[in-house]
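Structure file upload.csv with CSV, C-alpha atoms:
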chain,number,residue,atom,x,y,z
A,368,MET,CA,-224.8,-218.8,-53.9
A,369,LEU,CA,-222.0,-221.2,-52.9
A,370,ASP,CA,-221.2,-223.9,-55.5
A,371,TYR,CA,-220.4,-226.9,-53.3
A,372,HIS,CA,-219.3,-228.9,-56.4
A,373,ALA,CA,-216.5,-226.3,-57.1
A,374,ILE,CA,-214.9,-227.1,-53.8
A,375,PRO,CA,-212.3,-230.0,-53.9
A,376,SER,CA,-213.5,-233.1,-52.1
A,377,PRO,CA,-212.9,-233.9,-49.4
A,378,CYS,CA,-212.2,-230.5,-47.7
A,379,TYR,CA,-212.6,-228.9,-44.3
A,380,VAL,CA,-214.0,-225.4,-44.9
A,381,LEU,CA,-213.8,-222.5,-42.3
A,382,GLU,CA,-216.7,-220.1,-42.6
A,383,LEU,CA,-215.2,-216.8,-41.5
A,384,ALA,CA,-218.4,-215.0,-40.7
A,385,LYS,CA,-219.4,-217.7,-38.2
A,386,LEU,CA,-216.0,-217.7,-36.6
A,387,GLN,CA,-216.2,-213.9,-36.2
A,388,HIS,CA,-219.7,-214.3,-34.7
A,389,ASN,CA,-218.1,-216.6,-32.0
A,390,LEU,CA,-215.3,-214.2,-31.4
A,391,SER,CA,-217.8,-211.3,-30.8
A,392,ILE,CA,-219.5,-213.4,-28.1
A,393,LEU,CA,-216.1,-214.2,-26.5
A,394,GLU,CA,-215.1,-210.5,-26.6
A,395,ARG,CA,-218.3,-209.6,-24.7
A,396,THR,CA,-217.6,-212.4,-22.2
A,397,GLN,CA,-214.1,-211.1,-21.5
A,398,ARG,CA,-215.4,-207.5,-21.2
A,399,GLU,CA,-218.4,-208.2,-18.9
A,400,ALA,CA,-216.9,-211.0,-16.8
A,401,GLY,CA,-213.5,-209.4,-16.5
A,402,ILE,CA,-211.7,-212.6,-17.5
A,403,LYS,CA,-209.0,-213.4,-20.0
A,404,ILE,CA,-209.9,-216.0,-22.6
A,405,LEU,CA,-207.2,-218.2,-24.1
A,406,LEU,CA,-207.6,-220.3,-27.2
A,407,ALA,CA,-207.2,-224.0,-26.4
A,408,LEU,CA,-205.2,-225.3,-29.3
A,409,LYS,CA,-206.2,-228.9,-28.5
A,410,GLY,CA,-209.7,-228.0,-29.7
A,411,PHE,CA,-209.1,-225.5,-32.5
A,412,ALA,CA,-205.7,-225.1,-34.1
A,413,PHE,CA,-206.7,-223.7,-37.5
A,414,TRP,CA,-203.8,-221.2,-37.4
A,415,ARG,CA,-204.6,-219.8,-40.8
A,416,SER,CA,-207.5,-218.0,-39.1
A,417,PHE,CA,-205.4,-216.6,-36.2
A,418,GLU,CA,-205.2,-213.1,-37.7
A,419,TRP,CA,-208.9,-212.8,-36.6
A,420,VAL,CA,-208.7,-214.8,-33.4
A,421,ARG,CA,-205.7,-213.1,-31.9
A,422,ALA,CA,-207.4,-209.7,-32.4
A,423,SER,CA,-210.0,-210.9,-29.9
A,424,LEU,CA,-208.4,-213.2,-27.4
A,425,HIS,CA,-205.5,-212.8,-25.0
A,426,GLY,CA,-203.4,-215.8,-26.0
A,427,CYS,CA,-203.3,-219.6,-26.2
A,428,CYS,CA,-203.2,-222.5,-23.9
A,429,ALA,CA,-201.0,-225.4,-25.0
A,430,SER,CA,-200.8,-229.0,-24.1
A,431,GLY,CA,-197.2,-229.5,-24.9
A,432,VAL,CA,-194.2,-228.3,-26.9
A,433,TYR,CA,-195.7,-228.3,-30.4
A,434,GLU,CA,-198.8,-226.4,-29.5
A,435,ALA,CA,-196.7,-223.9,-27.5
A,436,LEU,CA,-194.5,-223.4,-30.6
A,437,LEU,CA,-197.6,-222.9,-32.8
A,438,ALA,CA,-198.9,-220.3,-30.4
A,439,TYR,CA,-195.6,-218.5,-30.3
A,440,GLU,CA,-195.2,-218.5,-34.1
A,441,GLU,CA,-198.7,-217.8,-35.2
A,442,PHE,CA,-200.6,-216.2,-32.3
A,443,GLY,CA,-198.2,-214.0,-30.4
A,444,SER,CA,-195.5,-213.8,-27.7
A,445,ARG,CA,-195.0,-212.2,-24.3
A,446,GLU,CA,-193.3,-209.4,-26.2
A,447,SER,CA,-196.5,-208.7,-28.1
A,448,GLY,CA,-198.6,-208.9,-25.0
A,449,LYS,CA,-200.0,-212.4,-25.6
A,450,GLU,CA,-200.2,-215.2,-23.0
A,451,ILE,CA,-198.9,-218.7,-23.7
A,452,CYS,CA,-200.0,-221.0,-21.0
A,453,VAL,CA,-198.5,-224.5,-21.1
A,454,PHE,CA,-199.7,-227.6,-19.3
A,455,SER,CA,-198.7,-231.2,-19.6
A,456,PRO,CA,-199.4,-234.3,-17.5
A,457,ALA,CA,-195.6,-234.7,-17.4
A,458,PHE,CA,-192.8,-232.6,-18.9
A,459,LYS,CA,-189.5,-234.1,-20.0
A,460,PRO,CA,-186.3,-232.1,-19.7
A,461,GLY,CA,-186.2,-231.5,-23.4
A,462,ASP,CA,-189.8,-230.2,-23.2
A,463,ILE,CA,-188.9,-227.6,-20.6
A,464,ALA,CA,-185.8,-226.5,-22.6
A,465,GLN,CA,-188.1,-225.6,-25.5
A,466,ILE,CA,-190.9,-224.1,-23.5
A,467,LEU,CA,-188.8,-221.8,-21.3
A,468,PRO,CA,-188.1,-219.3,-24.1
A,469,ILE,CA,-191.7,-218.9,-25.1
A,470,ALA,CA,-194.1,-219.7,-22.2
A,471,THR,CA,-195.7,-217.0,-20.0
A,472,HIS,CA,-197.2,-219.7,-17.7
A,473,ILE,CA,-196.1,-223.2,-17.0
A,474,ILE,CA,-198.5,-225.4,-15.1
A,475,PHE,CA,-197.3,-228.6,-13.5
A,476,ASN,CA,-199.4,-231.7,-12.9
A,477,SER,CA,-197.6,-232.7,-9.7
A,478,PHE,CA,-195.4,-231.3,-6.9
A,479,ALA,CA,-192.6,-233.6,-8.1
A,480,GLN,CA,-192.6,-232.0,-11.5
A,481,TYR,CA,-192.8,-228.6,-10.0
A,482,HIS,CA,-189.8,-229.4,-7.7
A,483,THR,CA,-187.8,-230.9,-10.6
A,484,TYR,CA,-188.1,-227.8,-12.8
A,485,LYS,CA,-188.7,-224.8,-10.6
A,486,ASP,CA,-185.0,-223.9,-10.4
A,487,LEU,CA,-184.8,-223.8,-14.2
A,488,VAL,CA,-187.8,-221.4,-14.2
A,489,PHE,CA,-186.2,-219.2,-11.5
A,490,ALA,CA,-183.0,-219.0,-13.6
A,491,LYS,CA,-184.9,-218.1,-16.7
A,492,ASN,CA,-186.8,-215.4,-14.8
A,493,LYS,CA,-183.6,-213.8,-13.7
A,494,LYS,CA,-182.7,-213.4,-17.4
A,495,LEU,CA,-186.1,-212.1,-18.2
A,496,GLU,CA,-185.9,-209.5,-15.4
A,497,LYS,CA,-182.6,-208.2,-16.8
A,498,LEU,CA,-184.3,-207.7,-20.1
A,499,GLY,CA,-187.2,-205.9,-18.5
A,500,LEU,CA,-189.6,-208.7,-19.5
A,501,SER,CA,-192.3,-210.3,-17.4
A,502,PRO,CA,-191.3,-213.5,-15.6
A,503,ILE,CA,-192.7,-217.0,-16.3
A,504,LYS,CA,-195.5,-217.7,-13.8
A,505,MET,CA,-195.7,-221.2,-12.4
A,506,GLY,CA,-198.9,-222.9,-11.5
A,507,LEU,CA,-200.2,-226.3,-10.3
A,508,ARG,CA,-203.2,-228.2,-11.7
A,509,ILE,CA,-205.7,-229.3,-9.1
A,510,ASN,CA,-208.4,-231.9,-9.1
A,511,PRO,CA,-211.5,-230.6,-7.1
A,512,LEU,CA,-213.0,-234.1,-7.2
A,513,HIS,CA,-216.1,-233.0,-9.0
A,514,SER,CA,-217.1,-233.2,-12.6
A,515,ARG,CA,-220.3,-234.1,-14.4
A,516,VAL,CA,-218.6,-234.8,-17.7
A,517,GLN,CA,-219.8,-237.8,-19.7
A,518,PRO,CA,-218.6,-240.1,-21.2
A,519,ILE,CA,-216.0,-241.1,-18.6
A,520,ILE,CA,-213.1,-241.0,-21.1
A,521,TYR,CA,-213.5,-237.2,-21.0
A,522,ASN,CA,-213.9,-236.8,-17.2
A,523,PRO,CA,-210.7,-235.5,-15.6
A,524,CYS,CA,-212.1,-236.2,-12.1
A,525,ALA,CA,-212.9,-239.8,-12.8
A,526,PRO,CA,-211.5,-242.4,-10.4
A,527,HIS,CA,-207.8,-242.9,-10.8
A,528,SER,CA,-207.5,-239.8,-13.0
A,529,ARG,CA,-203.9,-238.8,-13.8
A,530,LEU,CA,-204.9,-235.1,-14.2
A,531,GLY,CA,-204.5,-232.7,-11.4
A,532,ILE,CA,-203.5,-232.9,-7.7
A,533,THR,CA,-206.2,-234.1,-5.3
A,534,PRO,CA,-206.9,-232.2,-2.1
A,535,GLN,CA,-205.1,-234.8,0.0
A,536,ALA,CA,-202.1,-235.0,-2.3
A,537,PHE,CA,-202.0,-231.2,-2.4
A,538,VAL,CA,-201.7,-231.0,1.4
A,539,GLU,CA,-199.0,-233.6,1.4
A,540,GLY,CA,-197.1,-232.0,-1.5
A,541,MET,CA,-197.2,-228.6,0.0
A,542,ALA,CA,-195.9,-229.8,3.3
A,543,HIS,CA,-193.0,-231.6,1.6
A,544,TYR,CA,-192.1,-229.2,-1.3
A,545,GLY,CA,-193.6,-225.9,-0.4
A,546,LEU,CA,-195.0,-223.4,-2.9
A,547,GLU,CA,-192.1,-221.2,-3.6
A,548,GLY,CA,-192.7,-219.4,-6.9
A,549,VAL,CA,-196.1,-220.9,-7.4
A,550,SER,CA,-198.5,-218.0,-8.2
A,551,GLY,CA,-201.6,-219.7,-9.6
A,552,LEU,CA,-203.8,-222.7,-9.7
A,553,HIS,CA,-205.5,-224.4,-12.7
A,554,PHE,CA,-208.4,-226.8,-13.0
A,555,HIS,CA,-210.1,-228.2,-16.0
A,556,THR,CA,-213.3,-230.3,-15.3
A,557,HIS,CA,-215.8,-229.4,-18.0
A,558,CYS,CA,-216.7,-230.5,-21.5
A,559,GLU,CA,-219.5,-228.9,-23.6
A,560,GLN,CA,-221.2,-227.6,-20.5
A,561,ASP,CA,-223.2,-224.6,-19.4
A,562,ALA,CA,-222.2,-221.9,-16.8
A,563,PRO,CA,-224.1,-223.5,-13.8
A,564,ALA,CA,-221.6,-226.4,-14.1
A,565,LEU,CA,-218.7,-224.0,-13.6
A,566,GLN,CA,-220.5,-222.3,-10.7
A,567,GLU,CA,-220.9,-225.7,-9.1
A,568,THR,CA,-217.3,-226.6,-9.7
A,569,LEU,CA,-216.0,-223.3,-8.2
A,570,GLU,CA,-217.7,-224.3,-4.9
A,571,HIS,CA,-215.7,-227.5,-4.8
A,572,VAL,CA,-212.5,-225.6,-5.7
A,573,CYS,CA,-213.0,-223.1,-2.9
A,574,ARG,CA,-213.9,-225.8,-0.4
A,575,HIS,CA,-210.8,-227.9,-1.1
A,576,PHE,CA,-208.3,-225.3,-2.1
A,577,GLY,CA,-209.5,-222.0,-0.7
A,578,ALA,CA,-206.7,-221.7,1.8
A,579,THR,CA,-204.2,-221.9,-1.0
A,580,LEU,CA,-206.2,-219.7,-3.4
A,581,VAL,CA,-205.9,-216.7,-1.1
A,582,GLN,CA,-202.2,-216.8,-1.7
A,583,MET,CA,-202.4,-216.9,-5.5
A,584,GLU,CA,-202.3,-214.2,-8.1
A,585,TRP,CA,-204.2,-216.0,-10.8
A,586,LEU,CA,-206.7,-218.8,-11.5
A,587,ASN,CA,-207.1,-220.7,-14.7
A,588,MET,CA,-210.7,-222.2,-14.9
A,589,GLY,CA,-209.9,-224.4,-17.9
A,590,GLY,CA,-212.1,-225.0,-20.9
A,591,GLY,CA,-215.3,-226.9,-21.7
A,592,GLN,CA,-217.6,-223.9,-21.3
A,593,HIS,CA,-219.9,-223.8,-24.3
A,594,ILE,CA,-219.9,-220.0,-24.3
A,595,THR,CA,-220.8,-219.5,-27.9
A,596,LYS,CA,-223.6,-222.1,-28.0
A,597,GLU,CA,-227.1,-220.6,-28.3
A,598,GLY,CA,-228.7,-220.4,-24.9
A,599,TYR,CA,-225.5,-220.5,-22.9
A,600,ALA,CA,-226.1,-218.8,-19.5
A,601,LEU,CA,-223.5,-216.0,-19.8
A,602,GLU,CA,-225.0,-214.1,-16.9
A,603,VAL,CA,-224.4,-217.0,-14.6
A,604,LEU,CA,-220.7,-217.1,-15.7
A,605,ILE,CA,-220.4,-213.4,-15.0
A,606,SER,CA,-222.1,-213.8,-11.6
A,607,ALA,CA,-219.8,-216.7,-10.7
A,608,VAL,CA,-216.7,-214.8,-11.6
A,609,GLN,CA,-217.8,-211.7,-9.7
A,610,ALA,CA,-218.5,-213.7,-6.6
A,611,LEU,CA,-215.0,-215.4,-7.0
A,612,LYS,CA,-213.3,-212.0,-7.2
A,613,ALA,CA,-215.2,-210.7,-4.2
A,614,ASP,CA,-214.1,-213.7,-2.1
A,615,TYR,CA,-210.5,-213.6,-3.5
A,616,PRO,CA,-209.6,-210.0,-4.3
A,617,ASN,CA,-205.9,-211.2,-4.6
A,618,LEU,CA,-206.6,-212.8,-7.9
A,619,LYS,CA,-205.3,-210.4,-10.5
A,620,ASP,CA,-206.1,-212.6,-13.5
A,621,ILE,CA,-208.8,-215.2,-14.1
A,622,PHE,CA,-208.4,-217.3,-17.3
A,623,CYS,CA,-210.8,-219.4,-19.3
A,624,GLU,CA,-209.5,-221.5,-22.1
A,625,PRO,CA,-212.2,-222.7,-24.5
A,626,GLY,CA,-211.4,-224.5,-27.7
A,627,GLU,CA,-214.7,-225.8,-29.0
A,628,ALA,CA,-216.4,-222.5,-28.2
A,629,VAL,CA,-214.0,-220.8,-30.6
A,630,GLY,CA,-214.6,-223.2,-33.5
A,631,TRP,CA,-218.2,-224.0,-32.7
A,632,GLN,CA,-220.4,-224.2,-35.8
A,633,SER,CA,-217.7,-222.3,-37.7
A,634,GLY,CA,-217.2,-224.7,-40.6
A,635,PHE,CA,-218.0,-228.0,-42.4
A,636,LEU,CA,-216.4,-231.1,-43.9
A,637,LEU,CA,-217.4,-231.5,-47.5
A,638,SER,CA,-217.3,-235.0,-49.0
A,639,SER,CA,-218.5,-236.9,-52.1
A,640,VAL,CA,-220.5,-240.0,-52.7
A,641,VAL,CA,-218.3,-242.4,-54.6
A,642,ASP,CA,-220.5,-245.5,-54.8
A,643,ILE,CA,-223.7,-247.0,-53.4
A,644,VAL,CA,-223.7,-250.7,-52.3
A,645,HIS,CA,-226.4,-252.9,-50.8
A,646,ASN,CA,-226.2,-255.4,-47.9
A,647,GLY,CA,-229.6,-255.5,-46.1
A,648,ALA,CA,-229.5,-251.7,-46.3
A,649,GLN,CA,-228.3,-249.0,-48.7
A,650,ILE,CA,-224.7,-247.9,-47.9
A,651,ALA,CA,-223.2,-244.8,-49.5
A,652,ILE,CA,-219.4,-245.0,-49.7
A,653,LEU,CA,-217.8,-241.6,-49.3
A,654,ASP,CA,-214.3,-240.2,-50.0
A,655,VAL,CA,-213.9,-239.4,-46.3
A,656,SER,CA,-213.4,-241.8,-43.4
A,657,ILE,CA,-215.2,-241.4,-40.1
A,658,THR,CA,-212.3,-243.0,-38.2
A,659,ASN,CA,-209.7,-240.9,-40.1
A,660,HIS,CA,-211.4,-237.6,-40.4
A,661,MET,CA,-214.2,-237.5,-37.9
A,662,PRO,CA,-212.8,-239.5,-34.9
A,663,ASP,CA,-215.0,-237.7,-32.3
A,664,CYS,CA,-218.0,-239.3,-33.9
A,665,LEU,CA,-216.7,-242.6,-32.7
A,666,GLU,CA,-215.2,-241.5,-29.4
A,667,MET,CA,-218.1,-239.5,-28.0
A,668,PRO,CA,-220.0,-241.0,-29.9
A,669,TYR,CA,-222.3,-238.7,-31.8
A,670,LYS,CA,-224.0,-238.4,-35.1
A,671,PRO,CA,-223.3,-235.2,-36.9
A,672,ASP,CA,-225.9,-233.2,-38.8
A,673,LEU,CA,-225.5,-233.0,-42.6
A,674,PHE,CA,-227.1,-232.1,-45.9
A,675,LYS,CA,-226.6,-233.4,-49.4
A,676,VAL,CA,-226.0,-231.3,-52.6
A,677,ALA,CA,-227.1,-232.9,-55.8
A,678,LYS,CA,-225.3,-232.4,-59.1
A,679,ASP,CA,-227.9,-229.8,-60.1
A,680,GLY,CA,-227.0,-227.8,-56.9
A,681,SER,CA,-230.2,-228.6,-55.1
A,682,ILE,CA,-229.8,-229.0,-51.3
A,683,GLU,CA,-231.6,-231.4,-49.0
A,684,GLU,CA,-231.2,-231.7,-45.2
A,685,ALA,CA,-230.9,-235.2,-43.9
A,686,CYS,CA,-233.7,-236.3,-41.6
A,687,GLU,CA,-234.6,-239.0,-39.2
A,688,ILE,CA,-237.5,-240.4,-41.2
A,689,GLY,CA,-237.5,-240.3,-45.0
A,690,THR,CA,-238.2,-242.2,-48.2
A,691,PHE,CA,-234.6,-243.2,-48.8
A,692,SER,CA,-232.4,-244.4,-45.9
A,693,TYR,CA,-228.6,-244.8,-46.0
A,694,PHE,CA,-225.7,-245.7,-43.8
A,695,LEU,CA,-222.6,-243.6,-44.8
A,696,GLY,CA,-219.5,-245.7,-45.1
A,697,GLY,CA,-216.0,-244.3,-44.9
A,698,ALA,CA,-213.0,-244.9,-47.2
A,699,SER,CA,-210.9,-247.1,-44.8
A,700,CYS,CA,-210.8,-250.8,-44.4
A,701,LEU,CA,-212.1,-250.6,-40.8
A,702,ALA,CA,-215.3,-252.6,-40.7
A,703,GLY,CA,-216.9,-250.1,-38.3
A,704,ASP,CA,-216.0,-247.0,-40.4
A,705,PHE,CA,-219.6,-245.9,-41.0
A,706,ILE,CA,-222.3,-243.8,-39.4
A,707,GLY,CA,-226.1,-243.5,-39.8
A,708,PRO,CA,-228.7,-244.1,-40.8
A,709,TYR,CA,-229.6,-240.9,-42.5
A,710,CYS,CA,-232.8,-240.4,-44.5
A,711,PHE,CA,-233.6,-238.2,-47.5
A,712,GLU,CA,-236.7,-237.7,-49.7
A,713,THR,CA,-234.7,-238.2,-52.8
A,714,PRO,CA,-232.1,-240.9,-53.5
A,715,LEU,CA,-228.4,-240.4,-53.1
A,716,LYS,CA,-226.3,-240.8,-56.3
A,717,ALA,CA,-222.6,-241.1,-57.0
A,718,GLY,CA,-221.2,-237.6,-57.3
A,719,ASP,CA,-223.5,-236.0,-54.8
A,720,ARG,CA,-221.8,-233.9,-52.1
A,721,ILE,CA,-222.4,-234.8,-48.4
A,722,VAL,CA,-221.7,-231.8,-46.2
A,723,PHE,CA,-221.1,-232.6,-42.5
A,724,LYS,CA,-221.8,-229.6,-40.3
A,725,ASP,CA,-219.7,-228.3,-37.4
A,726,MET,CA,-216.4,-230.1,-38.3
A,727,LEU,CA,-213.8,-227.4,-37.5
A,728,HIS,CA,-213.2,-228.3,-33.8
A,729,TYR,CA,-211.8,-231.5,-32.4
A,730,THR,CA,-211.7,-233.1,-35.9
A,731,ILE,CA,-208.8,-231.5,-37.8
A,732,VAL,CA,-206.6,-231.7,-34.7
A,733,LYS,CA,-207.3,-235.5,-34.4
A,734,ASN,CA,-207.4,-236.6,-38.0
A,735,ASN,CA,-204.9,-239.2,-39.3
A,736,THR,CA,-203.7,-241.0,-42.4
A,737,PHE,CA,-204.7,-244.6,-41.4
A,738,ASN,CA,-204.7,-246.8,-44.5
A,739,GLY,CA,-202.7,-244.1,-46.4
A,740,ILE,CA,-205.9,-242.2,-46.8
A,741,ALA,CA,-205.2,-238.5,-47.7
A,742,LEU,CA,-206.1,-235.8,-45.3
A,743,PRO,CA,-208.9,-233.5,-46.5
A,744,ALA,CA,-207.8,-230.2,-48.0
A,745,LEU,CA,-208.3,-227.0,-46.0
A,746,GLY,CA,-210.3,-224.0,-47.3
A,747,MET,CA,-212.0,-220.8,-46.2
A,748,LEU,CA,-215.2,-219.2,-47.1
A,749,ALA,CA,-215.4,-215.5,-46.8
A,750,HIS,CA,-217.9,-213.1,-48.4
A,751,ASP,CA,-219.3,-216.1,-50.4
A,752,LYS,CA,-215.9,-216.7,-52.0
A,753,PHE,CA,-214.0,-220.0,-51.4
A,754,THR,CA,-210.2,-220.0,-51.1
A,755,LEU,CA,-208.2,-223.2,-51.1
A,756,LEU,CA,-205.6,-222.9,-48.3
A,757,LYS,CA,-203.8,-226.3,-48.2
A,758,SER,CA,-203.8,-229.6,-50.0
A,759,PHE,CA,-202.2,-232.8,-48.8
A,760,GLU,CA,-200.2,-235.1,-51.0
A,761,TYR,CA,-198.5,-238.5,-50.7
A,762,MET,CA,-195.4,-237.1,-49.0
A,763,HIS,CA,-197.5,-235.9,-46.0
A,764,TYR,CA,-198.4,-239.5,-45.5
A,765,LYS,CA,-194.9,-240.9,-46.1
A,766,GLU,CA,-193.2,-238.4,-43.8
A,767,ARG,CA,-195.5,-239.2,-40.9
A,768,ASN,CA,-194.3,-242.9,-40.9

Show the structure stored in the file as structure tokens.
Amino acid sequence: MLDYHAIPSPCYVLELAKLQHNLSILERTQREAGIKILLALKGFAFWRSFEWVRASLHGCCASGVYEALLAYEEFGSRESGKEICVFSPAFKPGDIAQILPIATHIIFNSFAQYHTYKDLVFAKNKKLEKLGLSPIKMGLRINPLHSRVQPIIYNPCAPHSRLGITPQAFVEGMAHYGLEGVSGLHFHTHCEQDAPALQETLEHVCRHFGATLVQMEWLNMGGGQHITKEGYALEVLISAVQALKADYPNLKDIFCEPGEAVGWQSGFLLSSVVDIVHNGAQIAILDVSITNHMPDCLEMPYKPDLFKVAKDGSIEEACEIGTFSYFLGGASCLAGDFIGPYCFETPLKAGDRIVFKDMLHYTIVKNNTFNGIALPALGMLAHDKFTLLKSFEYMHYKERN
């Protein structure tokens, strides 16, 4: 049995068996739907696990230079048969200079960006051709004007969205700039959603961009599909893709780029109770910060599931109604750095461990050192054995400022 008190606190812990379970579902999805799944690094960038992830998936999608470099260094390159698909709302010349040697796909957010950099891509492709390597494929991100994502901060089709080319702007841009060298389209309009949402979105994509889609070689359907969540309608995804292929047989590749679905339920954030204070309610002060280490809990917002581990090793799940109720306060000076309430049948005590479930996606990639608070360590649990992978010291804070 795992000794939670033997793990340094605080610590993000990857549970390898759970990650492998997710990967087996994604492998099945690729096989039965006939799609290529790319890891979205913006959601899951735990590269110390990539030896398992790259064995299952076709590559990575990156949101900029650093993610692209991480994909190239730790996941694989075009030479190894992996895809590195890079999108940014706006590339700077220095970005393109770093991306050209490593990207397999570059997706532009506007016709102006495509026009600015297409000649550089053409020149690079001539060099790749001489080396017998596959060329970089250019794509455009589209906005199909349809998304049911809530809250609005996560909706890429919200009014005045900066992400993707609207149907009207696409017609105007195509008339002005043309589509020379553009071989694919990309949309990303989902967040933690089931397959019927994708099926619905594809209807809007085909309605607005079907005339262009028949000219394309590939389509990237973005992420936000909760493929590994229990109850996900995989058969609906398979049916939607099959229908798309029947209508557009010219599409050689169809991509999906989940991040959360890779890291879903694959690990936890372990913390410790440092003190208990009282102010109209009982407040447990932890050695983690919600604003530093669990920012999605404030952004979405949501209240994560958790359990406590007493010093004697006994485990108790938190509940909605219980004898002892606590708000959990973070380690920062931000007044709103707390979540709760959580209830237990036995009281919390200093030294108890609090284990927040499902904290490996969209948490590590967003954490920060506000107030000079140290980042949690990184560890892995495999075959009931814990391994410490990384600790963070003062210099990690100093060098970020």

Quiz prompt | Nearest to Ile451 (chain A) by atom-to-atom distance, counting only C-alpha atoms, from A:Ala384, A:Val432, A:Val420, A:Leu611 | solution =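 Residue with the minimum atom-to-atom distance to Ile451 (chain A): A:Val432.
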
Quiz item: Which residues come within 10 Å of Glu547 (chain A), counting only C-alpha atoms, excluding same-chain residues fewer than 2 positions away, as a PyMOL selection string?
Solution: chain A and resi 481-482+485+505+541+544-545+549-550

Quiz item: Which one of A:Gly697, A:Pro714, A:Gly401, A:Gly531 sits closest to Ser656 (chain A) if you count all atoms listed in the file?
Solution: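 Closest to Ser656 (chain A), using all atoms listed in the file: A:Gly697.
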
Quiz item: In Å, how far is it from CA of Asp725 (chain A) to CA of Pro671 (chain A)?
Solution: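 Calculated distance between CA of Asp725 (chain A) and CA of Pro671 (chain A) is 7.8 Å.
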
Quiz item: Quick one: of A:Gly548, A:Val380, A:Phe454, A:Gly589, who's nearest to Lys724 (chain A), counting all atoms listed in the file?
Solution: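 Of A:Gly548, A:Val380, A:Phe454, A:Gly589, the one nearest Lys724 (chain A), counting all atoms listed in the file, is A:Val380.
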
Could region 722-733 of chain A be completed with N, CA, C and O atoms and returned as a tab-separated table (two decimals), in the coordinates of the input?
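Written file, selection-v1.tsv:
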chain	number	residue	atom	x	y	z
A	722	VAL	N	-222.30	-232.86	-46.94
A	722	VAL	CA	-221.70	-231.80	-46.20
A	722	VAL	C	-221.97	-232.03	-44.68
A	722	VAL	O	-223.12	-231.90	-44.24
A	723	PHE	N	-220.94	-232.41	-43.93
A	723	PHE	CA	-221.10	-232.60	-42.50
A	723	PHE	C	-220.90	-231.27	-41.79
A	723	PHE	O	-219.86	-230.60	-41.96
A	724	LYS	N	-221.86	-230.90	-40.98
A	724	LYS	CA	-221.80	-229.60	-40.30
A	724	LYS	C	-220.93	-229.63	-39.07
A	724	LYS	O	-220.71	-230.69	-38.47
A	725	ASP	N	-220.44	-228.46	-38.70
A	725	ASP	CA	-219.70	-228.30	-37.40
A	725	ASP	C	-218.53	-229.22	-37.31
A	725	ASP	O	-218.43	-230.01	-36.38
A	726	MET	N	-217.59	-229.13	-38.23
A	726	MET	CA	-216.40	-230.10	-38.30
A	726	MET	C	-215.10	-229.34	-38.18
A	726	MET	O	-214.11	-229.84	-38.70
A	727	LEU	N	-215.06	-228.17	-37.54
A	727	LEU	CA	-213.80	-227.40	-37.50
A	727	LEU	C	-213.10	-227.56	-36.12
A	727	LEU	O	-211.97	-227.14	-35.97
A	728	HIS	N	-213.78	-228.10	-35.10
A	728	HIS	CA	-213.20	-228.30	-33.80
A	728	HIS	C	-213.07	-229.74	-33.45
A	728	HIS	O	-213.96	-230.51	-33.76
A	729	TYR	N	-211.98	-230.13	-32.80
A	729	TYR	CA	-211.80	-231.50	-32.40
A	729	TYR	C	-211.89	-232.52	-33.52
A	729	TYR	O	-212.17	-233.68	-33.29
A	730	THR	N	-211.73	-232.11	-34.76
A	730	THR	CA	-211.70	-233.10	-35.90
A	730	THR	C	-210.36	-232.92	-36.60
A	730	THR	O	-209.60	-233.88	-36.68
A	731	ILE	N	-210.07	-231.72	-37.07
A	731	ILE	CA	-208.80	-231.50	-37.80
A	731	ILE	C	-207.62	-231.83	-36.85
A	731	ILE	O	-206.63	-232.41	-37.28
A	732	VAL	N	-207.73	-231.47	-35.58
A	732	VAL	CA	-206.60	-231.70	-34.70
A	732	VAL	C	-206.41	-233.19	-34.36
A	732	VAL	O	-205.36	-233.58	-33.84
A	733	LYS	N	-207.41	-234.03	-34.67
A	733	LYS	CA	-207.30	-235.50	-34.40
A	733	LYS	C	-207.19	-236.33	-35.62
A	733	LYS	O	-207.03	-237.55	-35.49
